[in-house]
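Student: Provided herewith: structure_39.pdb, PDB, C-alpha atoms.
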ATOM      1  CA  MET K   1     -25.046   4.278 -17.294
ATOM      2  CA  PHE K   2     -26.742   1.787 -14.967
ATOM      3  CA  ARG K   3     -24.132  -0.831 -15.822
ATOM      4  CA  ARG K   4     -21.400   1.556 -14.688
ATOM      5  CA  LEU K   5     -23.264   2.405 -11.486
ATOM      6  CA  ARG K   6     -23.596  -1.285 -10.670
ATOM      7  CA  SER K   7     -19.891  -1.736 -11.409
ATOM      8  CA  ASP K   8     -19.023   1.106  -9.016
ATOM      9  CA  ILE K   9     -20.984  -0.569  -6.230
ATOM     10  CA  GLN K  10     -19.776  -4.090  -6.938
ATOM     11  CA  CYS K  11     -16.077  -3.136  -6.859
ATOM     12  CA  ILE K  12     -16.567  -1.867  -3.297
ATOM     13  CA  LEU K  13     -18.378  -5.027  -2.246
ATOM     14  CA  ASP K  14     -15.515  -7.062  -3.736
ATOM     15  CA  ARG K  15     -12.671  -5.148  -2.050
ATOM     16  CA  ASP K  16     -14.051  -4.056   1.310
ATOM     17  CA  PRO K  17     -15.019  -6.841   3.741
ATOM     18  CA  ALA K  18     -16.785  -4.231   5.889
ATOM     19  CA  ALA K  19     -19.337  -3.590   3.129
ATOM     20  CA  ARG K  20     -22.393  -5.682   4.007
ATOM     21  CA  SER K  21     -24.997  -4.603   1.467
ATOM     22  CA  THR K  22     -25.624  -2.515  -1.630
ATOM     23  CA  TRP K  23     -27.783  -0.115   0.386
ATOM     24  CA  GLU K  24     -24.963   0.467   2.868
ATOM     25  CA  VAL K  25     -22.494   1.143   0.069
ATOM     26  CA  VAL K  26     -24.802   3.582  -1.712
ATOM     27  CA  THR K  27     -25.664   5.544   1.415
ATOM     28  CA  CYS K  28     -22.524   5.377   3.559
ATOM     29  CA  TYR K  29     -19.450   5.348   1.297
ATOM     30  CA  PRO K  30     -18.075   8.843   0.584
ATOM     31  CA  GLY K  31     -15.609   7.418  -1.937
ATOM     32  CA  LEU K  32     -18.550   6.304  -4.081
ATOM     33  CA  HIS K  33     -20.262   9.684  -3.698
ATOM     34  CA  ALA K  34     -17.054  11.435  -4.765
ATOM     35  CA  ILE K  35     -16.875   9.303  -7.928
ATOM     36  CA  TRP K  36     -20.495   9.987  -8.794
ATOM     37  CA  LEU K  37     -20.138  13.729  -8.248
ATOM     38  CA  HIS K  38     -16.905  13.849 -10.222
ATOM     39  CA  ARG K  39     -18.588  12.631 -13.394
ATOM     40  CA  PRO K  40     -20.885  15.649 -13.897
ATOM     41  CA  ALA K  41     -18.052  17.932 -12.785
ATOM     42  CA  HIS K  42     -15.741  16.375 -15.388
ATOM     43  CA  TRP K  43     -18.445  16.624 -18.054
ATOM     44  CA  CYS K  44     -18.831  20.339 -17.349
ATOM     45  CA  TRP K  45     -15.063  20.827 -17.463
ATOM     46  CA  GLN K  46     -14.750  19.005 -20.782
ATOM     47  CA  HIS K  47     -17.518  21.118 -22.318
ATOM     48  CA  GLY K  48     -16.057  24.467 -21.332
ATOM     49  CA  LEU K  49     -18.227  24.977 -18.252
ATOM     50  CA  LYS K  50     -15.292  25.583 -15.951
ATOM     51  CA  TRP K  51     -17.057  27.345 -13.088
ATOM     52  CA  PRO K  52     -19.893  24.787 -12.729
ATOM     53  CA  GLY K  53     -17.302  22.022 -12.834
ATOM     54  CA  ARG K  54     -15.269  23.620 -10.062
ATOM     55  CA  PHE K  55     -18.395  24.327  -8.039
ATOM     56  CA  ILE K  56     -19.520  20.675  -8.179
ATOM     57  CA  SER K  57     -15.965  19.619  -7.293
ATOM     58  CA  ASN K  58     -15.908  21.973  -4.317
ATOM     59  CA  PHE K  59     -19.312  20.738  -3.150
ATOM     60  CA  SER K  60     -18.048  17.153  -3.397
ATOM     61  CA  ARG K  61     -14.997  18.112  -1.329
ATOM     62  CA  TRP K  62     -17.235  19.628   1.346
ATOM     63  CA  LEU K  63     -19.523  16.591   1.357
ATOM     64  CA  THR K  64     -16.966  13.765   1.197
ATOM     65  CA  GLY K  65     -13.572  15.177   2.254
ATOM     66  CA  ILE K  66     -12.155  14.040  -1.097
ATOM     67  CA  GLU K  67     -10.845  16.704  -3.478
ATOM     68  CA  ILE K  68     -10.848  15.693  -7.136
ATOM     69  CA  HIS K  69     -10.173  18.367  -9.727
ATOM     70  CA  PRO K  70     -12.877  18.281 -12.427
ATOM     71  CA  GLY K  71     -10.163  17.976 -15.072
ATOM     72  CA  ALA K  72      -8.876  14.659 -13.681
ATOM     73  CA  VAL K  73      -9.681  11.505 -15.642
ATOM     74  CA  ILE K  74     -10.974   8.543 -13.615
ATOM     75  CA  GLY K  75     -11.578   5.095 -15.075
ATOM     76  CA  GLU K  76     -14.074   2.427 -14.111
ATOM     77  CA  ARG K  77     -14.166   0.414 -10.865
ATOM     78  CA  VAL K  78     -12.015   2.947  -9.006
ATOM     79  CA  PHE K  79     -12.419   2.691  -5.231
ATOM     80  CA  PHE K  80     -11.550   5.514  -2.842
ATOM     81  CA  ASP K  81     -11.418   3.564   0.434
ATOM     82  CA  HIS K  82     -12.001   5.777   3.509
ATOM     83  CA  ALA K  83     -10.224   8.452   1.430
ATOM     84  CA  MET K  84     -10.540  11.436   3.768
ATOM     85  CA  GLY K  85      -7.958  13.995   2.685
ATOM     86  CA  VAL K  86      -7.342  12.570  -0.800
ATOM     87  CA  VAL K  87      -6.274  15.189  -3.369
ATOM     88  CA  VAL K  88      -6.301  14.437  -7.109
ATOM     89  CA  GLY K  89      -4.817  17.090  -9.389
ATOM     90  CA  GLU K  90      -6.090  18.500 -12.669
ATOM     91  CA  THR K  91      -4.002  16.432 -15.102
ATOM     92  CA  ALA K  92      -4.060  13.205 -13.091
ATOM     93  CA  VAL K  93      -5.308  10.025 -14.759
ATOM     94  CA  ILE K  94      -6.524   7.078 -12.681
ATOM     95  CA  GLY K  95      -6.870   3.787 -14.563
ATOM     96  CA  ASP K  96      -9.541   1.119 -14.244
ATOM     97  CA  GLY K  97      -9.633  -0.907 -11.045
ATOM     98  CA  CYS K  98      -7.376   1.342  -8.949
ATOM     99  CA  THR K  99      -7.716   1.573  -5.166
ATOM    100  CA  ILE K 100      -6.742   4.752  -3.328
ATOM    101  CA  TYR K 101      -6.688   5.059   0.457
ATOM    102  CA  GLN K 102      -6.941   8.025   2.807
ATOM    103  CA  GLY K 103      -4.475  10.899   2.763
ATOM    104  CA  VAL K 104      -3.177  10.208  -0.755
ATOM    105  CA  THR K 105      -2.010  13.086  -2.947
ATOM    106  CA  LEU K 106      -1.702  12.785  -6.711
ATOM    107  CA  GLY K 107       0.096  16.087  -7.061
ATOM    108  CA  GLY K 108       2.134  18.102  -9.504
ATOM    109  CA  THR K 109       5.611  19.602  -9.337
ATOM    110  CA  SER K 110       5.362  21.887 -12.368
ATOM    111  CA  LEU K 111       3.856  25.379 -12.436
ATOM    112  CA  TYR K 112       3.380  25.519 -16.223
ATOM    113  CA  LYS K 113      -0.265  25.736 -17.268
ATOM    114  CA  GLY K 114      -1.330  23.187 -19.836
ATOM    115  CA  ALA K 115       1.566  20.844 -19.026
ATOM    116  CA  LYS K 116       1.126  17.292 -17.759
ATOM    117  CA  ARG K 117       1.804  18.004 -14.073
ATOM    118  CA  HIS K 118       0.160  15.080 -12.291
ATOM    119  CA  PRO K 119       0.719  11.308 -12.394
ATOM    120  CA  THR K 120      -0.982   8.706 -14.539
ATOM    121  CA  LEU K 121      -1.951   5.509 -12.733
ATOM    122  CA  GLY K 122      -2.307   2.346 -14.808
ATOM    123  CA  ARG K 123      -4.855  -0.375 -14.248
ATOM    124  CA  ASP K 124      -5.284  -2.032 -10.821
ATOM    125  CA  VAL K 125      -2.807   0.213  -9.004
ATOM    126  CA  VAL K 126      -3.009   0.338  -5.187
ATOM    127  CA  VAL K 127      -1.974   3.613  -3.528
ATOM    128  CA  SER K 128      -1.784   3.132   0.226
ATOM    129  CA  ALA K 129      -2.635   5.559   3.008
ATOM    130  CA  GLY K 130      -0.659   8.795   3.148
ATOM    131  CA  ALA K 131       1.300   8.217  -0.063
ATOM    132  CA  LYS K 132       2.308  11.188  -2.210
ATOM    133  CA  VAL K 133       2.755  10.634  -5.941
ATOM    134  CA  LEU K 134       4.229  13.838  -7.325
ATOM    135  CA  GLY K 135       4.922  14.556 -10.974
ATOM    136  CA  GLY K 136       3.706  13.924 -14.494
ATOM    137  CA  PHE K 137       5.042  10.380 -14.814
ATOM    138  CA  GLU K 138       3.385   6.967 -15.095
ATOM    139  CA  VAL K 139       2.754   4.298 -12.482
ATOM    140  CA  GLY K 140       2.486   0.982 -14.327
ATOM    141  CA  ASP K 141      -0.353  -1.509 -14.281
ATOM    142  CA  GLY K 142      -0.637  -3.551 -11.100
ATOM    143  CA  ALA K 143       1.912  -1.462  -9.174
ATOM    144  CA  LYS K 144       1.672  -0.815  -5.433
ATOM    145  CA  ILE K 145       2.589   2.362  -3.572
ATOM    146  CA  GLY K 146       3.346   1.764   0.106
ATOM    147  CA  SER K 147       1.895   3.807   2.952
ATOM    148  CA  ASN K 148       3.481   7.269   3.354
ATOM    149  CA  ALA K 149       5.773   6.718   0.361
ATOM    150  CA  VAL K 150       6.827   9.800  -1.600
ATOM    151  CA  VAL K 151       7.039   8.779  -5.251
ATOM    152  CA  ILE K 152       8.851  11.206  -7.560
ATOM    153  CA  LYS K 153       9.804   8.926 -10.461
ATOM    154  CA  PRO K 154       8.032   6.378 -12.679
ATOM    155  CA  VAL K 155       7.076   3.014 -11.190
ATOM    156  CA  PRO K 156       7.269   0.008 -13.549
ATOM    157  CA  ALA K 157       4.277  -2.257 -14.035
ATOM    158  CA  GLY K 158       3.955  -4.768 -11.216
ATOM    159  CA  ALA K 159       6.553  -3.095  -8.986
ATOM    160  CA  THR K 160       6.216  -1.883  -5.395
ATOM    161  CA  ALA K 161       7.398   1.577  -4.300
ATOM    162  CA  VAL K 162       8.146   2.270  -0.614
ATOM    163  CA  GLY K 163      10.050   4.848   1.416
ATOM    164  CA  ILE K 164      10.934   8.551   1.284
ATOM    165  CA  PRO K 165      11.870   9.117  -1.458
ATOM    166  CA  ALA K 166      10.327   5.928  -2.768
ATOM    167  CA  ARG K 167      12.557   3.014  -3.731
ATOM    168  CA  ILE K 168      11.377   0.568  -6.347
ATOM    169  CA  ILE K 169      11.089  -3.174  -5.688
ATOM    170  CA  PRO K 170      10.687  -4.931  -9.053
ATOM    171  CA  SER K 171       8.160  -7.694  -9.412
ATOM    172  CA  ARG K 172       9.689 -11.163  -9.411
ATOM    173  CA  SER K 173       7.386 -12.369 -12.152
ATOM    174  CA  GLY K 174       7.232  -9.101 -14.044
ATOM    175  CA  ALA K 175       3.451  -9.318 -14.067
ATOM    176  CA  SER K 176       2.379  -8.667 -10.482
ATOM    177  CA  ALA K 177       3.345  -6.401  -7.626
ATOM    178  CA  ASP K 178       3.200  -9.335  -5.221
ATOM    179  CA  VAL K 179       6.832  -9.837  -4.158
ATOM    180  CA  THR K 180       6.044 -12.395  -1.490
ATOM    181  CA  GLU K 181       6.558 -16.133  -1.749
ATOM    182  CA  PRO K 182       4.076 -17.866  -4.068
ATOM    183  CA  GLN K 183       0.564 -17.578  -2.687
ATOM    184  CA  PRO K 184      -2.857 -18.600  -3.961
ATOM    185  CA  ALA K 185      -4.060 -16.169  -6.588
ATOM    186  CA  ARG K 186      -5.779 -13.124  -5.118
ATOM    187  CA  SER K 187      -7.510 -10.358  -6.993
ATOM    188  CA  PHE K 188      -6.771  -7.627  -4.456
ATOM    189  CA  THR K 189      -4.410  -6.896  -1.565
ATOM    190  CA  ALA K 190      -5.602  -4.323   0.967
ATOM    191  CA  TYR K 191      -3.250  -1.357   1.470
ATOM    192  CA  GLY K 192      -0.807  -2.948  -0.998
ATOM    193  CA  ILE K 193       0.871  -4.847   1.825
ATOM    194  CA  THR K 194       3.521  -7.463   1.036
ATOM    195  CA  GLN K 195       5.959  -9.312   3.288
ATOM    196  CA  GLU K 196       9.176  -7.879   1.842
ATOM    197  CA  ASP K 197       8.359  -4.249   1.196
ATOM    198  CA  ASP K 198      11.517  -2.658   2.656
ATOM    199  CA  PRO K 199      14.497  -2.804   0.294
ATOM    200  CA  LEU K 200      16.795  -1.296   2.938
ATOM    201  CA  SER K 201      16.137  -4.169   5.335
ATOM    202  CA  GLN K 202      16.724  -6.610   2.480
ATOM    203  CA  ALA K 203      20.056  -4.923   1.734
ATOM    204  CA  MET K 204      21.032  -4.973   5.412
ATOM    205  CA  ARG K 205      20.246  -8.677   5.692
ATOM    206  CA  GLY K 206      22.378  -9.314   2.609
ATOM    207  CA  LEU K 207      25.328  -7.403   4.115
ATOM    208  CA  ILE K 208      24.958  -9.230   7.438
ATOM    209  CA  ASP K 209      24.904 -12.624   5.727
ATOM    210  CA  ASN K 210      27.921 -11.678   3.621
ATOM    211  CA  ALA K 211      29.907 -10.483   6.648
ATOM    212  CA  SER K 212      29.048 -13.665   8.537
ATOM    213  CA  SER K 213      30.188 -15.782   5.594
ATOM    214  CA  GLN K 214      33.468 -13.882   5.297
ATOM    215  CA  GLU K 215      34.208 -14.280   9.016
ATOM    216  CA  ARG K 216      33.599 -18.002   8.659
ATOM    217  CA  GLN K 217      36.083 -18.183   5.770
ATOM    218  CA  ILE K 218      38.712 -16.188   7.714
ATOM    219  CA  ALA K 219      38.352 -18.516  10.717
ATOM    220  CA  LEU K 220      38.856 -21.536   8.450
ATOM    221  CA  LEU K 221      41.968 -19.940   6.927
ATOM    222  CA  TRP K 222      43.516 -19.367  10.354
ATOM    223  CA  GLU K 223      42.746 -22.968  11.319
ATOM    224  CA  ALA K 224      44.473 -24.187   8.134
ATOM    225  CA  ILE K 225      47.525 -21.990   8.815
ATOM    226  CA  GLU K 226      47.706 -23.302  12.389
ATOM    227  CA  LYS K 227      47.658 -26.901  11.151
ATOM    228  CA  LEU K 228      50.434 -26.145   8.652
ATOM    229  CA  ALA K 229      52.463 -24.515  11.410
ATOM    230  CA  ARG K 230      52.295 -27.734  13.468
ATOM    231  CA  THR K 231      53.603 -29.847  10.565
ATOM    232  CA  ALA K 232      56.463 -27.406   9.871
ATOM    233  CA  PRO K 233      58.158 -26.507  13.191
ATOM    234  CA  GLN K 234      60.421 -23.993  11.493
ATOM    235  CA  ALA K 235      57.296 -21.949  10.721
ATOM    236  CA  GLY K 236      56.200 -21.957  14.346
ATOM    237  CA  GLY K 237      54.797 -18.765  15.721
ATOM    238  CA  CYS K 238      53.448 -17.608  12.364
ATOM    239  CA  VAL K 239      49.883 -17.416  13.719
ATOM    240  CA  PRO K 240      49.300 -14.134  15.605
ATOM    241  CA  GLY K 241      48.012 -14.462  19.121
ATOM    242  CA  ASP K 242      44.984 -12.294  18.384
ATOM    243  CA  ALA K 243      43.954 -14.235  15.273
ATOM    244  CA  ALA K 244      40.205 -14.891  15.179
ATOM    245  CA  ARG K 245      40.116 -18.669  15.003
ATOM    246  CA  CYS K 246      36.396 -18.959  15.725
ATOM    247  CA  GLU K 247      33.311 -17.095  14.532
ATOM    248  CA  GLN K 248      32.114 -14.207  16.697
ATOM    249  CA  PHE K 249      29.857 -12.324  14.298
ATOM    250  CA  GLU K 250      26.314 -12.330  15.728
ATOM    251  CA  ALA K 251      24.429 -12.609  12.434
ATOM    252  CA  GLU K 252      21.219 -13.988  13.984
ATOM    253  CA  ARG K 253      20.970 -11.164  16.525
ATOM    254  CA  LEU K 254      21.571  -8.500  13.864
ATOM    255  CA  ASN K 255      19.035 -10.043  11.530
ATOM    256  CA  ALA K 256      16.524 -10.036  14.386
ATOM    257  CA  LEU K 257      17.173  -6.313  14.908
ATOM    258  CA  VAL K 258      16.659  -5.576  11.206
ATOM    259  CA  GLY K 259      13.402  -7.494  11.295
ATOM    260  CA  LYS K 260      11.498  -9.359   8.588
TER     261      LYS K 260
END
Let's see the structure in the file written out as structure tokens.

Tutor:
Amino acid sequence: MFRRLRSDIQCILDRDPAARSTWEVVTCYPGLHAIWLHRPAHWCWQHGLKWPGRFISNFSRWLTGIEIHPGAVIGERVFFDHAMGVVVGETAVIGDGCTIYQGVTLGGTSLYKGAKRHPTLGRDVVVSAGAKVLGGFEVGDGAKIGSNAVVIKPVPAGATAVGIPARIIPSRSGASADVTEPQPARSFTAYGITQEDDPLSQAMRGLIDNASSQERQIALLWEAIEKLARTAPQAGGCVPGDAARCEQFEAERLNALVGK
């Protein structure tokens, strides 16, 4: 028991640079208090003491602002960072080493009692502020859920999910959710932030680059036709007056508008 308590405290010291001491973590971190109160609530729930379990859960909600159903399963080294307004449903499972920020909902979309209605988070998942993960599916190990994303389908291990509804960005290595350029190894990324989290902007940049390339090819074709027309006078006038013989597509300006 004491080993697990020390692990709960140490994971906060490792992931939150604002945590200065063990005493501060124990006395001032509602996410830690919510975890500690959930354990007796879950024990009561598992042993048929439904009302005491719900009462402890409700007291924890009043004390910390974090609502965890006593039926939810929470692994070790889970950190609720800030976490005001977090809601964790009855059949949710949170794996070891997960980090969950404020305003997150692990909710259900089914009304059938006894069914698996809430998500299962694998190990070391980061769920950023305001995200909603809705449904009885799995979020793979090491995945990241972007801020305010609405996730309604499974997320593969190591992938990043962003947007409404969430779009999946696969991991380049297949083993980590870090989709940025190679960086020194890091054990944790706050708020699950990466440099290329918006697949729509990536798609737009691809379309812009493709359009710019095609305009370049068309300009070269017109130049070649014009040269051929000079060498064959009988073919004179074959180049239309409005032919685009130089590039006009403002790819750099459009890419700047799309952003990084």

Student: Using the chain letters and numbers from the file, give me the residues hit by the PyMOL selection byres ((chain K and resi 53-55) around 8), as a list of chain:residue names.

Tutor: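 Selected by the PyMOL selection byres ((chain K and resi 53-55) around 8) in this file: K:Pro40, K:Ala41, K:His42, K:Trp43, K:Cys44, K:Trp45, K:Leu49, K:Lys50, K:Trp51, K:Pro52, K:Ile56, K:Ser57, K:Asn58, K:Phe59, K:His69, K:Pro70.
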
Student: Could you jot down the atom CA of Ala203 of chain K to atom CA of Gln217 of chain K separation for me, Å, one decimal place?

Tutor: 21.2 Å

Student: List the spatial neighbours of segment 21-23 of chain K as a PDB file with C-alpha atoms, in the coordinates of the input - criterion: any atom at most 12 Å away, all atoms listed in the file, same-chain residues fewer than 3 positions off excluded.

Tutor:
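Produced file out.pdb, reproduced below:
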ATOM      1  CA  LEU K   5     -23.264   2.405 -11.486  1.00  0.00           C
ATOM      2  CA  ARG K   6     -23.596  -1.285 -10.670  1.00  0.00           C
ATOM      3  CA  SER K   7     -19.891  -1.736 -11.409  1.00  0.00           C
ATOM      4  CA  ASP K   8     -19.023   1.106  -9.016  1.00  0.00           C
ATOM      5  CA  ILE K   9     -20.984  -0.569  -6.230  1.00  0.00           C
ATOM      6  CA  GLN K  10     -19.776  -4.090  -6.938  1.00  0.00           C
ATOM      7  CA  CYS K  11     -16.077  -3.136  -6.859  1.00  0.00           C
ATOM      8  CA  ILE K  12     -16.567  -1.867  -3.297  1.00  0.00           C
ATOM      9  CA  LEU K  13     -18.378  -5.027  -2.246  1.00  0.00           C
ATOM     10  CA  ASP K  14     -15.515  -7.062  -3.736  1.00  0.00           C
ATOM     11  CA  ASP K  16     -14.051  -4.056   1.310  1.00  0.00           C
ATOM     12  CA  PRO K  17     -15.019  -6.841   3.741  1.00  0.00           C
ATOM     13  CA  ALA K  18     -16.785  -4.231   5.889  1.00  0.00           C
ATOM     14  CA  VAL K  26     -24.802   3.582  -1.712  1.00  0.00           C
ATOM     15  CA  THR K  27     -25.664   5.544   1.415  1.00  0.00           C
ATOM     16  CA  CYS K  28     -22.524   5.377   3.559  1.00  0.00           C
ATOM     17  CA  TYR K  29     -19.450   5.348   1.297  1.00  0.00           C
ATOM     18  CA  LEU K  32     -18.550   6.304  -4.081  1.00  0.00           C
TER      19      LEU K  32
END

Student: Residue by residue, what does the PyMOL selection byres ((chain K and resi 91-93) around 7) grab here? Present the result as a list in words.

Tutor: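 Applied to this file, the PyMOL selection byres ((chain K and resi 91-93) around 7) selects Gly71, Ala72, Val73, Ile74, Val88, Gly89, Glu90, Ile94, Gly95, Leu106, Lys116, Arg117, His118, Pro119, Thr120 and Leu121 of chain K.
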
Student: Applied to the shown file, which residues does the PyMOL selection byres ((chain K and resi 79) around 7) return, written as a list in words?

Tutor: Ile12, Gly31, Arg77, Val78, Phe80, Asp81, Cys98, Thr99 and Ile100 of chain K

Student: Would you write out those residues with C-alpha atoms, as a compact mmCIF listing (two decimals), keeping the file's coordinate frame?

Tutor:
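As written to disk, out.txt reads:
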# COMPACT_ATOMS: atom_id res chain seq x y z
CA ILE K 12 -16.57 -1.87 -3.30
CA GLY K 31 -15.61 7.42 -1.94
CA ARG K 77 -14.17 0.41 -10.86
CA VAL K 78 -12.02 2.95 -9.01
CA PHE K 80 -11.55 5.51 -2.84
CA ASP K 81 -11.42 3.56 0.43
CA CYS K 98 -7.38 1.34 -8.95
CA THR K 99 -7.72 1.57 -5.17
CA ILE K 100 -6.74 4.75 -3.33

Student: Under the rule that all atoms listed in the file are counted, which of K:Trp222, K:Trp62, K:Tyr101, K:Phe2 is the nearest residue to Ala129 of chain K?

Tutor: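 Selected residue with least distance to Ala129 of chain K: K:Tyr101.
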
Student: Starting from 3 Å padding per side, set up an axis-aligned box that covers all listed atoms of segment 159-164 of chain K and hand over centre and edge lengths in Å, one decimal, as AutoDock Vina command-line options.

Tutor:
--center_x 8.6 --center_y 2.7 --center_z -3.8 --size_x 10.7 --size_y 17.6 --size_z 16.4

Student: For atom CA of Ile145 of chain K and atom CA of His82 of chain K, determine how far apart the two atoms are, in Å to one decimal place.

Tutor: 16.6 Å
